[in-house]
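Participant: Pasting a structure below so you can have a look.
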Amino acid sequence: MASKRYPLGIQTFSEIVKGNYFYADKTAIVYQLAHYAKFHFLSRPRRFGKSLFVSTLKAYFEGKKELFKGLAIEQMEKEWTAYPVIHLDLSCGKYYSLENTYSILNGILEVEEKKYGLKVNPIDEKSFGGRLKNILLAATAQTGKQVVVLIDEYDAPMHDSVCDEELQKTIRNIMRDFFSPLKQQEGNIRFVFITGISKFSQLSIFSELNNLKILTLKDEYSSCCGITKSELSQYFREGIEEMAEHNGLTYEETLEQLKLHYDGYHFSINSEDIFNPYSIINALDDKEFNSYWFTSGTPTFLVELLQQKNLDMLNLDDLWVNDDRFDTPTEKLTDPIPVLFQSGYLTIKGYERRGKLYHLCFPNQEVRQGFSKSLVRYYTAQDMNRYDAIVYAYSKNLLINDDMGAFMPHLKAFYDKFPYTIINNNERHYQAVIFTIFTMLGEDMKVEHTTSDGRIDLVLKTDKSIFIFELKYKKSVDIAMAQISDKDYAKAFADDGRKVVKVGINFSENQRSIEDWVIE
């Protein structure tokens, strides 16, 4: 086991899983980045390895050559100069009040001040910019070298204070003062690297840094956080083999399931597929295909914003947006799309160069299913009994017995108790809700399935059957069933081998629910 060489001195796969280690040899990127420019910014979703990347940069600039033995950078770097490193991790607390903000920033700066023997006058305690300037000057004077500044999760204070506009405005001014010495002391700085979730231009804390290099959408840095397929096979084969044995699968089948659940992120136009590192490490540790990254944070405010903007699952899984959309300020959260993209709930799936249009979709099954669960819980007004009821009815009637007729009364009951405030009385709304429910349940459901003679509203494929749904609003199930027959939708699945079942549903304007249905 110990003969396998892992990054940064790790000897076994279990050390990667249980420790806080950089999980792949990305040190060629580290070297390239260190000699690219002086000021850099990279945004990536939460729990995607930004802090691990920063830790790797810290080890490199501190000249810890022994940690990089056998890795790409060992052959590239000849000098291994040790620089003074100032590491400012803004994710180490919650900025829900000014008192918390002052306390967190004081704690961060005190660590650096102690390194250089600096004492702060109580009068100057809240002069964060002045204190950072003194740290930079002391580090340069005492070491005779330029300083490396690593700022992790710079936008954490902005995100924590998003619900309080006045607090956020005050905190933004504090942070702008905090980081102002970065421009003033440029001559004493060797390298600056800033990470966050939000796109850099949207918070303007570093507005003076006009020579900042934005790496977020650059192809050559698209894989610096996250795990590529080749890295997964090289560094995680041991874990994949153990997971395969545990689940009675082959290595290839396990790799395919990992891809389905956790792959699919693209952070630039030509980015290769990126696996979610947090989910991969946890899945291999548990040997189960569970939801990890999505459940580590609840996007409640995003779900509410989607409802305000009349956006649903049908919108989110197939969006074309102009690149200007990404520059919309997110501080007041008026547009959910930039936030969904930056947060990792949507990712780049294509690009149309002439129109400068990005194609955005859910990256994988974990996010698609997780987001649909959040929406269904919102639909049920967080009534877990209703949520559990629809899941149980699905498991008993469809998953086990493949009986759509037995499931339909439960679906109607779900609609009957739908909150009045989030009902849009039209066919598309009811279509979106059905799609969301079955996506939440992990089923293979397609919307607007194209045939030679039209589009099928919904197609649900189970192990035994293919269900063709035609939905009507303020009409009748007879019209729905006639359309399925007249357009011969079933012929599109003639070669499939599974039983084809026709389902017609009519929704009532007055009842705001399913009025009747027919299954053939």
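Quick note on naming: the chains in the structure tokens go A, B, ... in the order shown, residues restart at 1 in each chain, and ligands are numbered from 1 in order of appearance.
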Using only C-alpha atoms, which protein or nucleic acid residues come within 7 Å of range 29-46 of chain A? Drop anything in the same chain fewer than 3 positions from it, and give the result as a PyMOL selection string.
Facilitator: chain A and resi 26+57+73+190-199+211-216+224+342-344
Participant: Identify all residues of range 122-327 of chain A in strand (DSSP E) (DSSP on the backbone) and supply them as a PDB file with N, CA and C atoms, in the first residue's frame.
Facilitator:
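Below is the file that was written, part.pdb:
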ATOM      1  N   VAL A 147       7.130  40.288  -0.051  1.00  0.00           N
ATOM      2  CA  VAL A 147       6.141  39.514   0.693  1.00  0.00           C
ATOM      3  C   VAL A 147       5.150  38.833  -0.253  1.00  0.00           C
ATOM      4  N   VAL A 148       4.746  37.637   0.099  1.00  0.00           N
ATOM      5  CA  VAL A 148       3.674  36.925  -0.591  1.00  0.00           C
ATOM      6  C   VAL A 148       2.406  37.062   0.253  1.00  0.00           C
ATOM      7  N   VAL A 149       1.308  37.502  -0.359  1.00  0.00           N
ATOM      8  CA  VAL A 149       0.041  37.681   0.355  1.00  0.00           C
ATOM      9  C   VAL A 149      -0.989  36.730  -0.241  1.00  0.00           C
ATOM     10  N   LEU A 150      -1.546  35.849   0.589  1.00  0.00           N
ATOM     11  CA  LEU A 150      -2.561  34.892   0.167  1.00  0.00           C
ATOM     12  C   LEU A 150      -3.855  35.195   0.914  1.00  0.00           C
ATOM     13  N   ILE A 151      -4.895  35.561   0.172  1.00  0.00           N
ATOM     14  CA  ILE A 151      -6.177  35.947   0.767  1.00  0.00           C
ATOM     15  C   ILE A 151      -7.220  34.913   0.364  1.00  0.00           C
ATOM     16  N   ASP A 152      -7.705  34.164   1.329  1.00  0.00           N
ATOM     17  CA  ASP A 152      -8.650  33.075   1.049  1.00  0.00           C
ATOM     18  C   ASP A 152     -10.070  33.498   1.414  1.00  0.00           C
ATOM     19  N   ILE A 189       5.875  43.740  -2.549  1.00  0.00           N
ATOM     20  CA  ILE A 189       5.087  42.511  -2.719  1.00  0.00           C
ATOM     21  C   ILE A 189       5.626  41.685  -3.884  1.00  0.00           C
ATOM     22  N   ARG A 190       5.830  40.410  -3.631  1.00  0.00           N
ATOM     23  CA  ARG A 190       6.274  39.469  -4.668  1.00  0.00           C
ATOM     24  C   ARG A 190       5.085  38.856  -5.400  1.00  0.00           C
ATOM     25  N   PHE A 191       4.007  38.540  -4.660  1.00  0.00           N
ATOM     26  CA  PHE A 191       2.917  37.768  -5.251  1.00  0.00           C
ATOM     27  C   PHE A 191       1.674  37.931  -4.379  1.00  0.00           C
ATOM     28  N   VAL A 192       0.509  38.080  -5.029  1.00  0.00           N
ATOM     29  CA  VAL A 192      -0.775  38.135  -4.323  1.00  0.00           C
ATOM     30  C   VAL A 192      -1.738  37.164  -4.993  1.00  0.00           C
ATOM     31  N   PHE A 193      -2.391  36.336  -4.198  1.00  0.00           N
ATOM     32  CA  PHE A 193      -3.394  35.415  -4.732  1.00  0.00           C
ATOM     33  C   PHE A 193      -4.648  35.529  -3.883  1.00  0.00           C
ATOM     34  N   ILE A 194      -5.779  35.786  -4.541  1.00  0.00           N
ATOM     35  CA  ILE A 194      -7.051  36.030  -3.851  1.00  0.00           C
ATOM     36  C   ILE A 194      -8.066  35.011  -4.339  1.00  0.00           C
ATOM     37  N   THR A 195      -8.774  34.353  -3.422  1.00  0.00           N
ATOM     38  CA  THR A 195      -9.833  33.433  -3.805  1.00  0.00           C
ATOM     39  C   THR A 195     -11.177  33.903  -3.257  1.00  0.00           C
ATOM     40  N   GLY A 196     -12.242  33.418  -3.879  1.00  0.00           N
ATOM     41  CA  GLY A 196     -13.594  33.713  -3.416  1.00  0.00           C
ATOM     42  C   GLY A 196     -14.596  32.911  -4.203  1.00  0.00           C
ATOM     43  N   LYS A 213      -4.976  40.038 -12.384  1.00  0.00           N
ATOM     44  CA  LYS A 213      -5.247  39.031 -13.403  1.00  0.00           C
ATOM     45  C   LYS A 213      -6.376  38.119 -12.917  1.00  0.00           C
ATOM     46  N   ILE A 214      -7.479  38.092 -13.667  1.00  0.00           N
ATOM     47  CA  ILE A 214      -8.628  37.258 -13.311  1.00  0.00           C
ATOM     48  C   ILE A 214      -8.436  35.893 -13.967  1.00  0.00           C
ATOM     49  N   ILE A 227     -11.033  17.844  -9.407  1.00  0.00           N
ATOM     50  CA  ILE A 227     -10.305  16.643  -9.809  1.00  0.00           C
ATOM     51  C   ILE A 227     -10.687  16.278 -11.239  1.00  0.00           C
ATOM     52  N   THR A 228      -9.710  16.136 -12.106  1.00  0.00           N
ATOM     53  CA  THR A 228      -9.970  15.686 -13.473  1.00  0.00           C
ATOM     54  C   THR A 228     -10.091  14.164 -13.486  1.00  0.00           C
ATOM     55  N   ILE A 274     -14.567  18.390 -14.715  1.00  0.00           N
ATOM     56  CA  ILE A 274     -14.001  18.446 -13.372  1.00  0.00           C
ATOM     57  C   ILE A 274     -14.954  17.754 -12.407  1.00  0.00           C
ATOM     58  N   PHE A 275     -14.416  16.840 -11.588  1.00  0.00           N
ATOM     59  CA  PHE A 275     -15.186  16.194 -10.530  1.00  0.00           C
ATOM     60  C   PHE A 275     -15.173  17.073  -9.282  1.00  0.00           C
ATOM     61  N   LEU A 319     -30.057  26.766 -19.995  1.00  0.00           N
ATOM     62  CA  LEU A 319     -30.023  28.227 -20.054  1.00  0.00           C
ATOM     63  C   LEU A 319     -28.970  28.702 -21.045  1.00  0.00           C
ATOM     64  N   TRP A 320     -29.331  29.689 -21.832  1.00  0.00           N
ATOM     65  CA  TRP A 320     -28.348  30.390 -22.658  1.00  0.00           C
ATOM     66  C   TRP A 320     -28.295  31.832 -22.180  1.00  0.00           C
ATOM     67  N   VAL A 321     -27.115  32.274 -21.735  1.00  0.00           N
ATOM     68  CA  VAL A 321     -26.998  33.621 -21.184  1.00  0.00           C
ATOM     69  C   VAL A 321     -25.807  34.340 -21.802  1.00  0.00           C
ATOM     70  N   ASN A 322     -25.971  35.635 -22.007  1.00  0.00           N
ATOM     71  CA  ASN A 322     -24.888  36.463 -22.530  1.00  0.00           C
ATOM     72  C   ASN A 322     -23.822  36.645 -21.463  1.00  0.00           C
TER      73      ASN A 322
END
Participant: What's around Ile484 in chain A at 9 Å? Count only C-alpha atoms, leave out sequence neighbours fewer than 6 positions away in its own chain, and write the answer as a count of residues only.
Facilitator: 8
Participant: Within 12 Å of range 298-314 of chain A, which residues of range 116-223 of chain A come that close, and what is the closest atom pair and distance in Å for each? Count only C-alpha atoms and give it as JSON lines.
Facilitator:
{"residue": "A:His159", "atom": "CA", "partner": "A:Phe301", "partner_atom": "CA", "distance": 11.6}
{"residue": "A:Val162", "atom": "CA", "partner": "A:Phe301", "partner_atom": "CA", "distance": 10.3}
{"residue": "A:Cys163", "atom": "CA", "partner": "A:Phe301", "partner_atom": "CA", "distance": 9.7}
Participant: Please provide as a ChimeraX atom specification all residues within 9 Å of range 237-246 of chain A, with the sequence filter that same-chain residues fewer than 3 positions apart are discarded (counting only C-alpha atoms).
Facilitator: /A:1,12-14,232-234,249-255,281,283-288
Participant: Neighbouring residues of Met175 in chain A were defined as those with any atom within 7 Å, considering only C-alpha atoms; residues of the same chain fewer than 4 positions away were excluded. Please report them as a VMD selection string.
Facilitator: chain A and resid 171 179 205
Participant: Considering only helix (DSSP H, G or I) as DSSP defines it on the backbone, what residues of range 74-280 of chain A qualify? List them as a count of residues only.
Facilitator: 107
Participant: Expressed in Å to a single decimal, how great is the separation between CA of Phe435 in chain A and CA of Leu411 in chain A?
Facilitator: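 Separating CA of Phe435 in chain A from CA of Leu411 in chain A is a distance of 12.0 Å.
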Participant: With only C-alpha atoms as the counted atoms, please give the residues lying no more than 12 Å from Cys92 in chain A, apart from itself and same-chain residues fewer than 4 positions off, as a VMD selection string.
Facilitator: chain A and resid 51 87 to 88 100 to 101 103 to 108 151 to 154 156 to 157
Participant: Output the selection as a PDB file, in the first residue's frame - C-alpha atoms for each residue.
Facilitator:
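What landed in part-v4.pdb:
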ATOM      1  CA  SER A  51      -8.033  26.584   0.509  1.00  0.00           C
ATOM      2  CA  HIS A  87      -1.975  34.197   4.917  1.00  0.00           C
ATOM      3  CA  LEU A  88      -5.335  35.922   5.487  1.00  0.00           C
ATOM      4  CA  ASN A 100     -18.031  39.788  14.954  1.00  0.00           C
ATOM      5  CA  THR A 101     -16.310  41.464  12.026  1.00  0.00           C
ATOM      6  CA  SER A 103     -13.184  40.323  16.325  1.00  0.00           C
ATOM      7  CA  ILE A 104     -12.418  38.144  13.291  1.00  0.00           C
ATOM      8  CA  LEU A 105     -10.179  40.694  11.579  1.00  0.00           C
ATOM      9  CA  ASN A 106      -8.342  41.387  14.833  1.00  0.00           C
ATOM     10  CA  GLY A 107      -7.671  37.674  15.245  1.00  0.00           C
ATOM     11  CA  ILE A 108      -6.376  37.319  11.687  1.00  0.00           C
ATOM     12  CA  ILE A 151      -6.177  35.947   0.767  1.00  0.00           C
ATOM     13  CA  ASP A 152      -8.650  33.075   1.049  1.00  0.00           C
ATOM     14  CA  GLU A 153     -12.445  33.573   0.690  1.00  0.00           C
ATOM     15  CA  TYR A 154     -12.192  37.366   0.412  1.00  0.00           C
ATOM     16  CA  ALA A 156     -17.042  35.777   3.035  1.00  0.00           C
ATOM     17  CA  PRO A 157     -17.892  39.034   4.886  1.00  0.00           C
TER      18      PRO A 157
END
Participant: What is the distance, in Å and to one decimal place, between CA of Gly405 in chain A and CA of Ile505 in chain A?
Facilitator: 11.8 Å
Participant: Give me the residues near Asn364 in chain A as a short mmCIF file (atom, residue, chain, number, x, y, z; two decimals) with N, CA and C atoms, in the first residue's frame, where near means some atom within 7 Å (using only C-alpha atoms) and where sequence neighbours in that chain fewer than 3 positions away do not count.
Facilitator:
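Below is the file that was written, part-v6.cif:
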data_model
loop_
_atom_site.label_atom_id
_atom_site.label_comp_id
_atom_site.auth_asym_id
_atom_site.auth_seq_id
_atom_site.Cartn_x
_atom_site.Cartn_y
_atom_site.Cartn_z
N LEU A 260 -21.36 10.16 -13.21
CA LEU A 260 -22.77 10.57 -13.27
C LEU A 260 -23.13 11.46 -12.09
N HIS A 261 -22.65 11.11 -10.90
CA HIS A 261 -23.04 11.83 -9.69
C HIS A 261 -22.24 13.09 -9.43
N TYR A 262 -20.92 13.08 -9.74
CA TYR A 262 -20.06 14.15 -9.22
C TYR A 262 -19.22 14.87 -10.27
N ASP A 263 -19.30 14.46 -11.53
CA ASP A 263 -18.50 15.08 -12.59
C ASP A 263 -19.29 16.21 -13.25
N GLY A 264 -18.75 16.76 -14.33
CA GLY A 264 -19.52 17.65 -15.18
C GLY A 264 -19.29 19.13 -15.00
N VAL A 367 -26.21 17.55 -8.02
CA VAL A 367 -26.72 18.91 -7.96
C VAL A 367 -28.15 18.98 -8.50
N ARG A 368 -28.40 18.28 -9.61
CA ARG A 368 -29.75 18.30 -10.18
C ARG A 368 -30.78 17.75 -9.19
#
Participant: Just checking: using only C-alpha atoms, which residue out of A:Glu165, A:Asp155, A:Glu77, A:Glu186 ends up closest to Thr140 in chain A?
Facilitator: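 With only C-alpha atoms as the atom set, the closest residue is A:Glu186.
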